[in-house]
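Trainee: This structure is in structure tokens; I'll ask about it shortly.
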Amino acid sequence: MESDNATLMSDAVERETSRSTYPEGFPSLPTLPAGRYFEQQFYDLEIQHVFYKTWISAGHISELPSPGSYRLFDKLGLSIIISRGLDDEIRAFRNVCRHRGAAILKEEKGTARRFICPYHAWTYSLEGKLLSVPEESYNFACFDKAEHPLAQVRCEIWHGFIFINMDGNAEPLADFLAQTSKRSRIFP
């Protein structure tokens with residue numbers, strides 16, 4: 001059975017690499033505007049409507065070996081903290097303090113017992129909970145810390161790989177990968 005699959009795959013690859021034209025019955029494709037490859041407007045649309053709505057591989061659990069380990073995902077205009085909590089769970093948060101929007105972490109990776117904003121020292125747990133606010137009783141008398149955790153980003157693990165998704169309504173990672181697997185099959 002495995003030999004049959006290997007033969008089918010080998011034949012499909014050979015057929016595709018030897019082909020010099022589109023397959024018979026392939027629909028004609030419209031030309032793409034050249035700006036599609038270099039204009040900022042297209043890039044911004046692609047980031048917003050593709051990359052911010054799909055699962056993105058953001059690392060491997062081996063990069064977060066122990067509770068308190070973190071690393072930043074600084075790509076695609078995003079700054080995301082990926083950390084291993086004290087409960088050993090891996091989570092992702094926007095690297096933005098809920099007070100004045102300052103970046104909480106500057107170092108690309110490290111270990112921390114908590115996250116402290118360098119601007120006004122708001123302090124968050126590794127699980128994203130707001131722990132302390134300086135001069136809370138003076139400046140924030142009616143403030144409920146439970147309502148101001150770090151903004152969480154969807155984060156799921158697959159075979160040790162960390163995936164994030166900016167879309168809170170995205171399908172589960174397993175469903176996404178199952179669909180991707182079905183679409184990319186080479187042989188029938």
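Identifiers in this document derive from the order of the structure tokens: chains are assigned A, B, ..., residues are numbered from 1 separately in each chain, and ligands are numbered from 1 in order of occurrence.
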Hey, what's within 12 Å of Pro33 in chain A if we count only C-alpha atoms and toss same-chain stuff fewer than 5 positions away? As a list in words, please?
Mentor: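 The neighbour list is Phe38, Glu39 and Phe42 of chain A.
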Trainee: Would you mind exporting C-alpha atoms of the selected residues as a CSV table (one decimal), in the first residue's frame?
Mentor:
chain,number,residue,atom,x,y,z
A,38,PHE,CA,5.0,46.1,-4.5
A,39,GLU,CA,2.2,48.6,-3.6
A,42,PHE,CA,-2.1,45.6,-1.6
Trainee: Name the residues in contact with Glu89 in chain A at a cut-off of 12 Å, using only C-alpha atoms, excluding same-chain residues fewer than 3 positions from it; report them as a PyMOL selection string.
Mentor: chain A and resi 61+64-70+82-86+92+126-128+155-157+162
Trainee: Measure the distance from CA of Cys117 in chain A to CA of Ile56 in chain A in Å and round it to one decimal.
Mentor: 26.3 Å
Trainee: As JSON, numbers by chain, list the residues of range 8-180 of chain A assigned to strand (DSSP E or B) by DSSP on the backbone atoms of this structure.
Mentor: {"A": [56, 57, 58, 59, 60, 69, 70, 71, 72, 73, 80, 81, 82, 83, 84, 90, 91, 92, 93, 94, 109, 110, 111, 115, 116, 123, 124, 130, 131, 132, 152, 153, 154, 155, 156, 157, 158, 161, 162, 163, 164, 165]}
Trainee: Rounded to one decimal place, report the CA of Arg91 in chain A-CA of His159 in chain A distance in Å.
Mentor: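 Result for CA of Arg91 in chain A versus CA of His159 in chain A: 15.9 Å, one decimal.
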Trainee: Which one is closest to Pro149 in chain A: A:Val50, A:Leu131, A:Ile90, A:Leu32? Count only C-alpha atoms.
Mentor: A:Leu131
Trainee: Applying 12 Å and only C-alpha atoms, which residues near Ile47 in chain A remain after dropping the ones on its own chain fewer than 3 positions away? List them as an MDAnalysis selection string.
Mentor: chainID A and resid 40:44 50:54 56 75:78 166
Trainee: Save out the residues we just selected, C-alpha atoms, as a PDB file, in the first residue's frame.
Mentor:
ATOM      1  CA  GLN A  40       1.631  49.302   0.050  1.00  0.00           C
ATOM      2  CA  GLN A  41      -2.151  49.262  -0.403  1.00  0.00           C
ATOM      3  CA  PHE A  42      -2.107  45.637  -1.621  1.00  0.00           C
ATOM      4  CA  TYR A  43       0.285  44.650   1.156  1.00  0.00           C
ATOM      5  CA  ASP A  44      -1.950  46.230   3.800  1.00  0.00           C
ATOM      6  CA  VAL A  50      -5.195  37.052   4.942  1.00  0.00           C
ATOM      7  CA  PHE A  51      -2.470  36.971   7.575  1.00  0.00           C
ATOM      8  CA  TYR A  52      -4.508  38.430  10.438  1.00  0.00           C
ATOM      9  CA  LYS A  53      -7.265  35.872   9.804  1.00  0.00           C
ATOM     10  CA  THR A  54      -5.267  32.672   9.496  1.00  0.00           C
ATOM     11  CA  ILE A  56       0.509  31.506  11.675  1.00  0.00           C
ATOM     12  CA  LYS A  75       6.479  40.004  12.342  1.00  0.00           C
ATOM     13  CA  LEU A  76       3.714  41.252  10.032  1.00  0.00           C
ATOM     14  CA  GLY A  77       3.437  44.482  12.023  1.00  0.00           C
ATOM     15  CA  LEU A  78       2.575  42.522  15.164  1.00  0.00           C
ATOM     16  CA  MET A 166      -5.384  37.329  15.456  1.00  0.00           C
TER      17      MET A 166
END
Trainee: For Asp144 in chain A, work out the shell of residues within 12 Å, counting only C-alpha atoms and skipping chain neighbours fewer than 4 positions away, then give it as a ChimeraX atom specification.
Mentor: /A:129-133,136-137,140,148-149
Trainee: May I have the residues from that selection written out with C-alpha atoms, as an mmCIF file, in the first residue's frame?
Mentor:
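Done, and the output landed in out_31.cif:
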data_model
loop_
_atom_site.group_PDB
_atom_site.id
_atom_site.type_symbol
_atom_site.label_atom_id
_atom_site.label_comp_id
_atom_site.auth_asym_id
_atom_site.auth_seq_id
_atom_site.Cartn_x
_atom_site.Cartn_y
_atom_site.Cartn_z
ATOM 1 C CA LYS A 129 -3.830 38.957 34.640
ATOM 2 C CA LEU A 130 -3.268 42.554 35.801
ATOM 3 C CA LEU A 131 -1.627 42.169 39.218
ATOM 4 C CA SER A 132 -0.790 45.694 40.323
ATOM 5 C CA VAL A 133 -1.199 49.326 39.398
ATOM 6 C CA GLU A 136 -4.087 52.346 42.610
ATOM 7 C CA SER A 137 -6.129 53.779 45.496
ATOM 8 C CA PHE A 140 -7.681 54.471 40.110
ATOM 9 C CA HIS A 148 -7.892 44.961 32.283
ATOM 10 C CA PRO A 149 -5.803 41.842 31.548
#
Trainee: Using only C-alpha atoms for the distances, tell me which of A:His60, A:Lys106, A:His49, A:His99 is nearest to Asp167 in chain A.
Mentor: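 Nearest candidate to Asp167 in chain A out of A:His60, A:Lys106, A:His49, A:His99: A:His49.
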Trainee: How many Å lie between CA of Ala6 in chain A and CA of Ala178 in chain A, rounded to one decimal?
Mentor: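 Interatomic distance, CA of Ala6 in chain A to CA of Ala178 in chain A: 21.2 Å.
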Trainee: So that I can check the secondary structure, give me every residue of chain A assigned helix (DSSP H, G or I) by backbone DSSP, as a ChimeraX atom specification.
Mentor: /A:2-18,34-37,40-49,51-53,61-63,136-139,145-147,173-183
Trainee: Could you name the residues that touch Arg100 in chain A at 10 Å or less, counting only C-alpha atoms, but leaving out those on the same chain fewer than 6 positions away, as an NGL selection string?
Mentor: :A and (117 or 119-120 or 122)
Trainee: When distances are computed from only C-alpha atoms, which of A:Ala121, A:Pro172, A:Pro27, A:Trp158 shows the smallest separation from Glu135 in chain A?
Mentor: A:Ala121
